[in-house]
$ cat entry_18.tsv   # TSV, C-alpha atoms
chain	number	residue	atom	x	y	z
A	1	MET	CA	-52.42	-31.69	30.41
A	2	ARG	CA	-53.82	-29.14	27.98
A	3	ALA	CA	-52.44	-26.30	30.12
A	4	THR	CA	-48.99	-27.92	30.03
A	5	GLN	CA	-49.09	-28.15	26.22
A	6	LEU	CA	-50.12	-24.50	25.97
A	7	LEU	CA	-47.29	-23.51	28.30
A	8	ILE	CA	-44.73	-25.45	26.22
A	9	SER	CA	-46.05	-23.89	23.01
A	10	ALA	CA	-45.79	-20.42	24.51
A	11	CYS	CA	-42.21	-21.07	25.65
A	12	VAL	CA	-41.22	-22.30	22.18
A	13	ALA	CA	-42.78	-19.24	20.56
A	14	MET	CA	-40.96	-16.95	22.99
A	15	ALA	CA	-37.63	-18.69	22.36
A	16	VAL	CA	-38.06	-18.27	18.62
A	17	THR	CA	-38.90	-14.57	18.86
A	18	THR	CA	-35.98	-13.77	21.20
A	19	ALA	CA	-33.33	-15.75	19.28
A	20	PRO	CA	-30.78	-13.70	17.29
A	21	ALA	CA	-32.03	-12.75	13.84
A	22	ASN	CA	-29.51	-14.96	12.06
A	23	ALA	CA	-30.16	-15.25	8.34
A	24	ALA	CA	-29.07	-18.23	6.33
A	25	TRP	CA	-25.69	-18.08	4.60
A	26	HIS	CA	-25.61	-18.10	0.80
A	27	SER	CA	-22.81	-18.50	-1.66
A	28	TYR	CA	-22.18	-15.69	-4.17
A	29	ILE	CA	-20.01	-15.82	-7.25
A	30	SER	CA	-18.70	-13.46	-9.89
A	31	HIS	CA	-17.32	-15.22	-12.92
A	32	LYS	CA	-16.40	-11.86	-14.38
A	33	LEU	CA	-14.32	-10.82	-11.35
A	34	GLY	CA	-13.08	-14.33	-10.63
A	35	PHE	CA	-14.05	-14.95	-7.05
A	36	SER	CA	-16.79	-16.21	-4.78
A	37	PHE	CA	-17.68	-15.92	-1.12
A	38	GLU	CA	-20.38	-16.75	1.38
A	39	ALA	CA	-22.43	-14.31	3.41
A	40	PRO	CA	-25.67	-14.21	5.34
A	41	GLY	CA	-28.68	-12.22	4.28
A	42	GLU	CA	-29.38	-10.37	1.09
A	43	VAL	CA	-26.29	-8.96	-0.57
A	44	LYS	CA	-26.78	-5.61	-2.30
A	45	THR	CA	-24.48	-4.12	-4.91
A	46	THR	CA	-23.36	-0.50	-4.96
A	47	VAL	CA	-20.58	1.52	-6.58
A	48	GLY	CA	-18.13	3.44	-4.41
A	49	THR	CA	-14.79	5.18	-4.62
A	50	TYR	CA	-11.27	4.58	-3.34
A	51	ARG	CA	-8.21	6.75	-3.47
A	52	GLY	CA	-4.63	5.83	-2.65
A	53	GLN	CA	-1.25	7.27	-3.53
A	54	ALA	CA	-0.17	4.08	-5.25
A	55	ALA	CA	-3.60	3.08	-6.51
A	56	GLY	CA	-4.81	6.52	-7.55
A	57	PRO	CA	-8.52	7.37	-7.65
A	58	LYS	CA	-10.67	4.36	-8.45
A	59	GLN	CA	-14.28	3.34	-8.55
A	60	THR	CA	-15.16	0.28	-6.51
A	61	ILE	CA	-17.86	-2.36	-6.56
A	62	VAL	CA	-19.25	-3.02	-3.08
A	63	TYR	CA	-21.27	-6.09	-2.11
A	64	ARG	CA	-22.84	-5.60	1.30
A	65	SER	CA	-25.23	-7.25	3.70
A	66	VAL	CA	-26.05	-6.78	7.38
A	67	ASP	CA	-27.15	-9.60	9.61
A	68	ASP	CA	-27.48	-9.69	13.39
A	69	ASN	CA	-25.71	-6.33	13.60
A	70	ILE	CA	-22.68	-7.58	11.75
A	71	GLU	CA	-21.88	-5.79	8.51
A	72	TYR	CA	-20.43	-7.95	5.74
A	73	LYS	CA	-18.75	-6.10	2.92
A	74	VAL	CA	-16.77	-7.15	-0.13
A	75	THR	CA	-15.03	-4.35	-1.99
A	76	VAL	CA	-13.58	-4.93	-5.42
A	77	ILE	CA	-11.36	-2.49	-7.25
A	78	PRO	CA	-11.29	-4.16	-10.62
A	79	SER	CA	-9.39	-1.89	-12.93
A	80	PHE	CA	-5.70	-2.57	-12.30
A	81	HIS	CA	-5.09	-4.63	-15.40
A	82	GLN	CA	-2.55	-2.07	-16.65
A	83	ALA	CA	-0.75	-1.99	-13.32
A	84	GLN	CA	-0.57	-5.58	-12.18
A	85	ALA	CA	3.18	-5.37	-11.61
A	86	GLU	CA	2.34	-2.77	-8.96
A	87	GLY	CA	-0.04	-5.21	-7.27
A	88	ALA	CA	2.19	-5.82	-4.24
A	89	ASN	CA	2.50	-2.10	-3.66
A	90	ILE	CA	-1.20	-1.41	-4.15
A	91	LEU	CA	-2.11	-4.25	-1.79
A	92	GLY	CA	0.40	-3.03	0.79
A	93	GLU	CA	-1.03	0.46	0.65
A	94	ARG	CA	-4.60	-0.82	0.99
A	95	THR	CA	-3.76	-2.87	4.09
A	96	PHE	CA	-1.76	-0.04	5.58
A	97	ASN	CA	-4.64	2.40	5.14
A	98	PHE	CA	-7.06	-0.10	6.65
A	99	GLN	CA	-5.21	-0.28	9.97
A	100	ASN	CA	-3.79	3.23	10.11
A	101	ASP	CA	-4.75	5.08	13.33
A	102	LYS	CA	-6.60	2.03	14.63
A	103	LYS	CA	-5.78	-0.57	17.26
A	104	VAL	CA	-4.52	-3.69	15.47
A	105	LEU	CA	-5.49	-6.97	17.13
A	106	MET	CA	-4.32	-9.31	14.38
A	107	ASP	CA	-2.13	-8.93	11.29
A	108	THR	CA	-1.13	-12.15	9.61
A	109	PHE	CA	-0.70	-13.95	6.32
A	110	GLY	CA	-3.73	-14.76	4.24
A	111	ARG	CA	-3.59	-17.59	1.76
A	112	VAL	CA	-6.42	-18.83	-0.43
A	113	GLU	CA	-6.23	-22.03	-2.49
A	114	PRO	CA	-3.58	-24.72	-2.14
A	115	GLY	CA	-0.28	-25.26	-3.93
A	116	LYS	CA	0.50	-23.40	-7.13
A	117	ASP	CA	-2.97	-21.85	-7.21
A	118	SER	CA	-2.31	-20.05	-3.94
A	119	VAL	CA	-3.10	-16.37	-3.68
A	120	TYR	CA	-1.28	-14.60	-0.86
A	121	GLY	CA	-2.66	-11.62	1.00
A	122	ARG	CA	-3.15	-10.33	4.53
A	123	LYS	CA	-5.75	-10.86	7.22
A	124	MET	CA	-6.25	-8.26	9.91
A	125	THR	CA	-8.51	-7.42	12.82
A	126	VAL	CA	-8.81	-3.86	14.10
A	127	GLU	CA	-10.84	-2.10	16.73
A	128	LEU	CA	-12.63	0.88	15.26
A	129	PRO	CA	-12.25	4.32	16.83
A	130	LYS	CA	-14.83	5.61	19.30
A	131	ASN	CA	-16.08	2.13	20.20
A	132	GLY	CA	-17.39	1.75	16.67
A	133	GLY	CA	-17.00	-2.01	16.69
A	134	ARG	CA	-14.41	-4.52	15.50
A	135	THR	CA	-13.56	-5.28	11.88
A	136	THR	CA	-11.91	-8.44	10.60
A	137	ALA	CA	-10.71	-8.20	7.02
A	138	ALA	CA	-8.83	-10.04	4.32
A	139	PHE	CA	-7.09	-8.42	1.35
A	140	TYR	CA	-5.96	-10.00	-1.90
A	141	PHE	CA	-4.72	-8.76	-5.25
A	142	THR	CA	-5.18	-11.21	-8.07
A	143	LYS	CA	-5.71	-11.00	-11.81
A	144	GLY	CA	-5.79	-7.23	-11.74
A	145	ASN	CA	-8.44	-7.02	-9.02
A	146	LEU	CA	-7.94	-5.74	-5.49
A	147	ILE	CA	-10.45	-7.61	-3.35
A	148	SER	CA	-11.17	-7.02	0.31
A	149	LEU	CA	-13.63	-8.76	2.59
A	150	GLU	CA	-14.54	-6.93	5.78
A	151	ALA	CA	-16.86	-8.04	8.55
A	152	THR	CA	-17.65	-5.50	11.25
A	153	VAL	CA	-19.24	-6.54	14.51
A	154	LEU	CA	-21.24	-3.45	15.50
A	155	PRO	CA	-21.69	-2.38	19.13
A	156	ALA	CA	-25.36	-3.38	18.95
A	157	ASN	CA	-24.19	-6.96	18.50
A	158	GLY	CA	-21.33	-6.72	20.96
A	159	ASP	CA	-20.03	-10.27	20.51
A	160	TYR	CA	-16.62	-9.21	19.32
A	161	THR	CA	-15.27	-12.75	19.34
A	162	SER	CA	-18.07	-14.02	17.12
A	163	PRO	CA	-16.86	-16.69	14.66
A	164	ASP	CA	-18.96	-15.19	11.86
A	165	PRO	CA	-16.38	-12.62	10.68
A	166	GLY	CA	-13.84	-15.42	10.35
A	167	ARG	CA	-16.30	-17.59	8.47
A	168	PHE	CA	-16.98	-14.71	6.09
A	169	ILE	CA	-13.42	-13.70	5.22
A	170	ASP	CA	-12.25	-17.31	4.98
A	171	SER	CA	-15.05	-18.21	2.57
A	172	VAL	CA	-13.39	-16.46	-0.35
A	173	VAL	CA	-12.48	-18.66	-3.31
A	174	PHE	CA	-10.48	-17.81	-6.43
A	175	VAL	CA	-10.54	-21.20	-8.14
A	176	LEU	CA	-14.19	-21.05	-9.04
A	177	SER	CA	-14.61	-24.82	-9.40
A	178	ARG	CA	-14.25	-24.89	-5.61
A	179	THR	CA	-17.22	-22.59	-5.07
A	180	GLN	CA	-20.12	-24.01	-3.12
A	181	GLU	CA	-22.87	-25.30	-5.38
A	182	GLY	CA	-25.91	-23.12	-5.96
A	183	ALA	CA	-24.02	-19.84	-5.75
A	184	THR	CA	-25.84	-16.71	-6.83
A	185	GLU	CA	-24.20	-14.76	-9.66
A	186	LEU	CA	-23.26	-11.25	-8.55
A	187	GLN	CA	-23.85	-8.15	-10.63
A	188	ALA	CA	-20.62	-6.55	-11.76
A	189	PRO	CA	-21.30	-2.96	-12.78
A	190	GLU	CA	-18.83	-1.35	-15.16
A	191	VAL	CA	-16.50	0.96	-13.23
A	192	GLU	CA	-13.49	3.03	-14.17
B	1	MET	CA	55.09	6.92	37.05
B	2	ARG	CA	56.66	4.80	34.31
B	3	ALA	CA	54.95	1.68	35.69
B	4	ARG	CA	51.58	3.50	35.53
B	5	THR	CA	52.14	4.48	31.92
B	6	LEU	CA	53.00	0.92	31.02
B	7	ALA	CA	49.92	-0.36	32.82
B	8	ALA	CA	47.72	2.15	30.96
B	9	LEU	CA	49.22	1.13	27.62
B	10	ALA	CA	48.72	-2.54	28.40
B	11	SER	CA	45.09	-1.89	29.34
B	12	ALA	CA	44.49	0.03	26.14
B	13	ALA	CA	46.02	-2.79	24.12
B	14	LEU	CA	43.84	-5.34	25.92
B	15	VAL	CA	40.69	-3.31	25.25
B	16	ALA	CA	41.63	-3.03	21.58
B	17	MET	CA	42.18	-6.76	21.30
B	18	THR	CA	38.94	-7.75	23.00
B	19	ALA	CA	36.70	-5.20	21.25
B	20	PRO	CA	34.33	-6.59	18.63
B	21	ALA	CA	35.79	-6.81	15.17
B	22	SER	CA	33.32	-4.36	13.67
B	23	ALA	CA	36.01	-2.34	12.04
B	24	ALA	CA	34.49	-2.34	8.61
B	25	ALA	CA	33.15	1.01	7.52
B	26	TRP	CA	29.64	1.24	6.08
B	27	ARG	CA	29.42	2.08	2.41
B	28	GLY	CA	26.70	2.94	0.00
B	29	TYR	CA	25.93	0.52	-2.81
B	30	ILE	CA	23.72	1.15	-5.78
B	31	SER	CA	22.39	-0.70	-8.78
B	32	HIS	CA	20.93	1.53	-11.44
B	33	PRO	CA	19.69	-1.42	-13.55
B	34	LEU	CA	17.92	-2.98	-10.57
B	35	GLY	CA	16.68	0.36	-9.24
B	36	PHE	CA	17.73	0.35	-5.63
B	37	ALA	CA	20.52	1.31	-3.27
B	38	PHE	CA	21.50	0.42	0.27
B	39	ALA	CA	24.34	0.58	2.74
B	40	ALA	CA	26.35	-2.23	4.28
B	41	PRO	CA	29.66	-2.70	6.08
B	42	GLY	CA	32.65	-4.15	4.29
B	43	ASP	CA	33.03	-5.44	0.75
B	44	LEU	CA	30.08	-7.11	-0.91
B	45	LYS	CA	30.48	-10.24	-2.95
B	46	VAL	CA	27.92	-11.30	-5.47
B	47	GLU	CA	26.68	-14.84	-6.00
B	48	LYS	CA	24.10	-16.34	-8.29
B	49	GLY	CA	21.45	-18.59	-6.87
B	50	THR	CA	18.02	-20.10	-7.42
B	51	TYR	CA	14.68	-19.41	-5.77
B	52	LYS	CA	11.91	-22.00	-5.80
B	53	ALA	CA	8.34	-21.54	-4.67
B	54	ALA	CA	5.03	-23.24	-5.29
B	55	VAL	CA	3.35	-20.26	-6.95
B	56	GLY	CA	6.39	-18.31	-8.03
B	57	GLY	CA	8.14	-21.23	-9.64
B	58	THR	CA	11.90	-21.32	-10.17
B	59	HIS	CA	13.81	-18.09	-10.67
B	60	ASP	CA	17.40	-16.90	-10.79
B	61	THR	CA	18.62	-14.85	-7.87
B	62	LEU	CA	21.47	-12.50	-7.21
B	63	VAL	CA	22.81	-12.37	-3.67
B	64	PHE	CA	25.05	-9.50	-2.58
B	65	ARG	CA	26.65	-10.65	0.67
B	66	THR	CA	29.07	-9.56	3.33
B	67	VAL	CA	29.88	-10.63	6.87
B	68	ASP	CA	31.07	-8.22	9.52
B	69	ASP	CA	31.39	-8.79	13.25
B	70	ASN	CA	29.59	-12.11	12.87
B	71	ILE	CA	26.57	-10.48	11.30
B	72	GLU	CA	25.73	-11.66	7.80
B	73	TYR	CA	24.26	-9.02	5.48
B	74	LYS	CA	22.51	-10.13	2.31
B	75	ALA	CA	20.67	-8.27	-0.42
B	76	ILE	CA	18.72	-10.81	-2.44
B	77	VAL	CA	17.19	-10.05	-5.82
B	78	ILE	CA	14.77	-12.58	-7.27
B	79	ASP	CA	14.12	-12.04	-10.94
B	80	THR	CA	10.37	-12.48	-11.32
B	81	THR	CA	9.99	-10.11	-14.23
B	82	ALA	CA	8.31	-12.81	-16.31
B	83	GLU	CA	5.62	-13.20	-13.63
B	84	ALA	CA	5.38	-9.59	-12.55
B	85	SER	CA	1.63	-9.45	-13.11
B	86	ASN	CA	1.31	-11.71	-10.06
B	87	ALA	CA	3.35	-9.33	-7.93
B	88	ALA	CA	1.23	-9.34	-4.78
B	89	THR	CA	1.14	-13.10	-4.45
B	90	LEU	CA	4.81	-13.54	-5.37
B	91	LEU	CA	5.86	-11.09	-2.68
B	92	GLY	CA	3.47	-12.57	-0.12
B	93	GLU	CA	4.75	-16.05	-0.87
B	94	ALA	CA	8.39	-15.01	-0.44
B	95	GLU	CA	7.57	-13.42	2.92
B	96	TYR	CA	5.64	-16.48	3.97
B	97	ILE	CA	8.49	-18.83	3.05
B	98	PHE	CA	10.94	-16.65	4.98
B	99	GLN	CA	9.10	-17.16	8.26
B	100	ASP	CA	7.77	-20.65	7.61
B	101	GLY	CA	9.48	-23.80	8.80
B	102	ALA	CA	10.01	-25.85	11.90
B	103	GLY	CA	11.77	-24.05	14.71
B	104	LYS	CA	11.44	-20.53	13.34
B	105	LYS	CA	9.90	-18.04	15.73
B	106	VAL	CA	8.44	-14.80	14.39
B	107	LEU	CA	9.33	-11.84	16.59
B	108	MET	CA	8.16	-9.02	14.33
B	109	ASP	CA	5.97	-8.80	11.21
B	110	THR	CA	5.07	-5.29	10.23
B	111	PHE	CA	4.69	-2.86	7.35
B	112	GLY	CA	7.67	-1.66	5.42
B	113	ARG	CA	7.35	1.57	3.47
B	114	VAL	CA	10.14	3.14	1.45
B	115	ASP	CA	9.87	5.76	-1.25
B	116	GLY	CA	6.24	5.00	-1.96
B	117	LYS	CA	6.77	1.23	-2.02
B	118	PHE	CA	4.91	-0.90	0.51
B	119	GLY	CA	6.44	-4.13	1.73
B	120	ARG	CA	6.96	-6.07	4.94
B	121	LYS	CA	9.62	-6.20	7.62
B	122	LEU	CA	10.06	-9.35	9.66
B	123	THR	CA	12.34	-10.62	12.40
B	124	ILE	CA	12.67	-14.30	13.18
B	125	ASP	CA	14.71	-16.47	15.50
B	126	LEU	CA	16.34	-19.24	13.47
B	127	PRO	CA	15.97	-22.90	14.40
B	128	ASN	CA	18.55	-24.61	16.63
B	129	LYS	CA	19.71	-21.29	18.11
B	130	ALA	CA	21.39	-20.44	14.80
B	131	GLY	CA	20.83	-16.72	15.23
B	132	ARG	CA	18.28	-14.01	14.50
B	133	THR	CA	17.39	-12.58	11.08
B	134	THR	CA	15.71	-9.27	10.34
B	135	ALA	CA	14.50	-8.88	6.78
B	136	ALA	CA	12.65	-6.48	4.52
B	137	PHE	CA	10.79	-7.46	1.36
B	138	TYR	CA	9.72	-5.24	-1.52
B	139	PHE	CA	8.62	-5.75	-5.11
B	140	VAL	CA	10.47	-3.41	-7.44
B	141	ASN	CA	10.57	-3.31	-11.22
B	142	GLY	CA	9.31	-6.86	-11.52
B	143	ARG	CA	11.74	-8.25	-8.95
B	144	ILE	CA	11.52	-9.29	-5.34
B	145	VAL	CA	14.16	-7.40	-3.38
B	146	SER	CA	14.94	-8.60	0.12
B	147	LEU	CA	17.52	-7.31	2.56
B	148	GLN	CA	18.36	-9.77	5.33
B	149	ALA	CA	20.71	-9.32	8.27
B	150	THR	CA	21.49	-12.32	10.48
B	151	VAL	CA	23.14	-11.99	13.85
B	152	LEU	CA	25.09	-15.21	14.28
B	153	PRO	CA	25.55	-16.88	17.67
B	154	ALA	CA	29.23	-15.92	17.64
B	155	ASN	CA	28.10	-12.30	17.83
B	156	GLY	CA	25.24	-12.94	20.22
B	157	ASP	CA	23.96	-9.35	20.44
B	158	TYR	CA	20.52	-10.12	19.08
B	159	ASP	CA	19.28	-6.61	19.79
B	160	THR	CA	22.02	-4.92	17.81
B	161	PRO	CA	20.86	-1.88	15.85
B	162	GLU	CA	22.97	-2.97	12.87
B	163	MET	CA	20.20	-5.17	11.49
B	164	GLY	CA	17.77	-2.27	11.44
B	165	ARG	CA	20.37	0.06	9.99
B	166	PHE	CA	20.94	-2.36	7.12
B	167	ILE	CA	17.35	-3.13	6.11
B	168	ASP	CA	16.25	0.48	6.59
B	169	SER	CA	19.06	1.80	4.42
B	170	ILE	CA	17.30	0.71	1.24
B	171	THR	CA	16.08	3.35	-1.17
B	172	PHE	CA	14.36	3.07	-4.53
B	173	TYR	CA	15.03	6.64	-5.55
B	174	THR	CA	18.60	6.43	-6.73
B	175	VAL	CA	19.01	10.16	-6.14
B	176	ARG	CA	18.68	9.37	-2.43
B	177	ALA	CA	21.61	6.97	-2.49
B	178	ALA	CA	24.93	7.99	-0.97
B	179	ASN	CA	26.89	10.31	-3.27
B	180	ASP	CA	29.86	7.96	-3.33
B	181	ALA	CA	27.81	4.78	-3.58
B	182	THR	CA	29.56	1.92	-5.33
B	183	GLU	CA	27.81	0.55	-8.39
B	184	LEU	CA	27.06	-3.12	-7.85
B	185	THR	CA	28.54	-5.42	-10.46
B	186	LEU	CA	25.96	-7.72	-11.97
B	187	PRO	CA	27.28	-11.07	-13.14
B	188	LYS	CA	26.64	-12.01	-16.75
$ encode --input "entry_18.tsv" --output "structure tokens"
Amino acid sequence: MRATQLLISACVAMAVTTAPANAAWHSYISHKLGFSFEAPGEVKTTVGTYRGQAAGPKQTIVYRSVDDNIEYKVTVIPSFHQAQAEGANILGERTFNFQNDKKVLMDTFGRVEPGKDSVYGRKMTVELPKNGGRTTAAFYFTKGNLISLEATVLPANGDYTSPDPGRFIDSVVFVLSRTQEGATELQAPEVE
Amino acid sequence: MRARTLAALASAALVAMTAPASAAAWRGYISHPLGFAFAAPGDLKVEKGTYKAAVGGTHDTLVFRTVDDNIEYKAIVIDTTAEASNAATLLGEAEYIFQDGAGKKVLMDTFGRVDGKFGRKLTIDLPNKAGRTTAAFYFVNGRIVSLQATVLPANGDYDTPEMGRFIDSITFYTVRAANDATELTLPK
């Protein structure tokens, strides 16, 4: 009887240690940038750069976490307040650059929020060159901010049909009253 | 010999009568105030209309329209200048509405890129076998500009290159318009 209990305990311990290292999902919000999303693991904030013909050279704010060999990344280019009438063009260029020279698996409408609050964008899935993995992304331009959410399933994960990238990109919210309770406020560094 | 000549003439006449009625020449059209130019067959007529959308709201439209060989060509301008700061969503909504609805089947949905402007190009089959429409959507100077060519069932050649020729004729650099382009008359 005691041997049986020990055996069961050992099996449970082994199952726990071999299970995927899935972190809990948290909600994150930026009142300053006007959006929220959910992601697993600890999200870190960095500043990056982006350059496009329509957009010009811009600094970006990047929120990134990695969990179970899936990289979750939100990139915000926040300084288009003087060029909001060019938003459609800037968004089009961003989505074009994202899929250029890659194999496109999905390219469809994105829509966040219902009715008159709707924000339209695009959702895409591409295979990365050189078996670098598969990225599912969503792109929106709203209130002067170009926001992209990208989830990349890395080869070390290998489950390219994982539902987690979809959960990530579809978690974005622009009407902040609809954000999940308990969301963590994101840092929003000043960028040019 | 004379009988042969008559037969040849009769055949030629028959061919002429049964050929598609695509006699209209293509012409360049331009609107300097609206900032675009395109080409279409035949004479364009202009109509005023209204566009309604959940986000975009209600806006006046101008529709430049012609029909040739049972293909309807339309250049639609939606005046969203008052909402231009919401350009990306307004354009996305217009594209979405175009392909949304019972019985529509999307055959193509891809990038459009003209003179540094990014937009979308879509082809749909209309409900109830009413034809096939190829369209392009761009946001220019605060306005949604859409070129739409519909092959009607009476034409039936749903793979005709005329649709592509029409939507791809658009230019936003007026210097790239045809030299003899006709200035579009804007109603008051």
$ atom_distance --input "entry_18.tsv" --atom1 "CA of Ala188 (chain A)" --atom2 "CA of Ile29 (chain A)"
10.3 Å
$ atom_distance --input "entry_18.tsv" --atom1 "CA of Leu146 (chain A)" --atom2 "CA of Leu91 (chain A)"
7.1 Å
$ atom_distance --input "entry_18.tsv" --atom1 "CA of Tyr63 (chain A)" --atom2 "CA of Ser85 (chain B)"
25.6 Å
$ closest_residue --input "entry_18.tsv" --among "B:Glu83, B:Asp60, B:Asp180, B:Asp168" --to "chain A" --atoms "all atoms listed in the file"
B:Glu83
$ residues_around --input "entry_18.tsv" --residues "region 154-168 of chain A" --least-positions-apart "2" --cutoff "9 Å" --atoms "only C-alpha atoms" --output "list in words"
Phe37, Glu38, Ala39, Pro40, Asp68, Asn69, Ile70, Glu71, Tyr72, Asn131, Gly132, Gly133, Arg134, Thr135, Thr136, Ala137, Leu149, Glu150, Ala151, Thr152, Asp170, Ser171 and Val172 of chain A
$ interface_residues --input "entry_18.tsv" --of "chain B" --to "chain A" --cutoff "7 Å" --atoms "all atoms listed in the file" --output "MDAnalysis selection string"
chainID B and resid 54:55 84:89 91:93 117:119 139 142
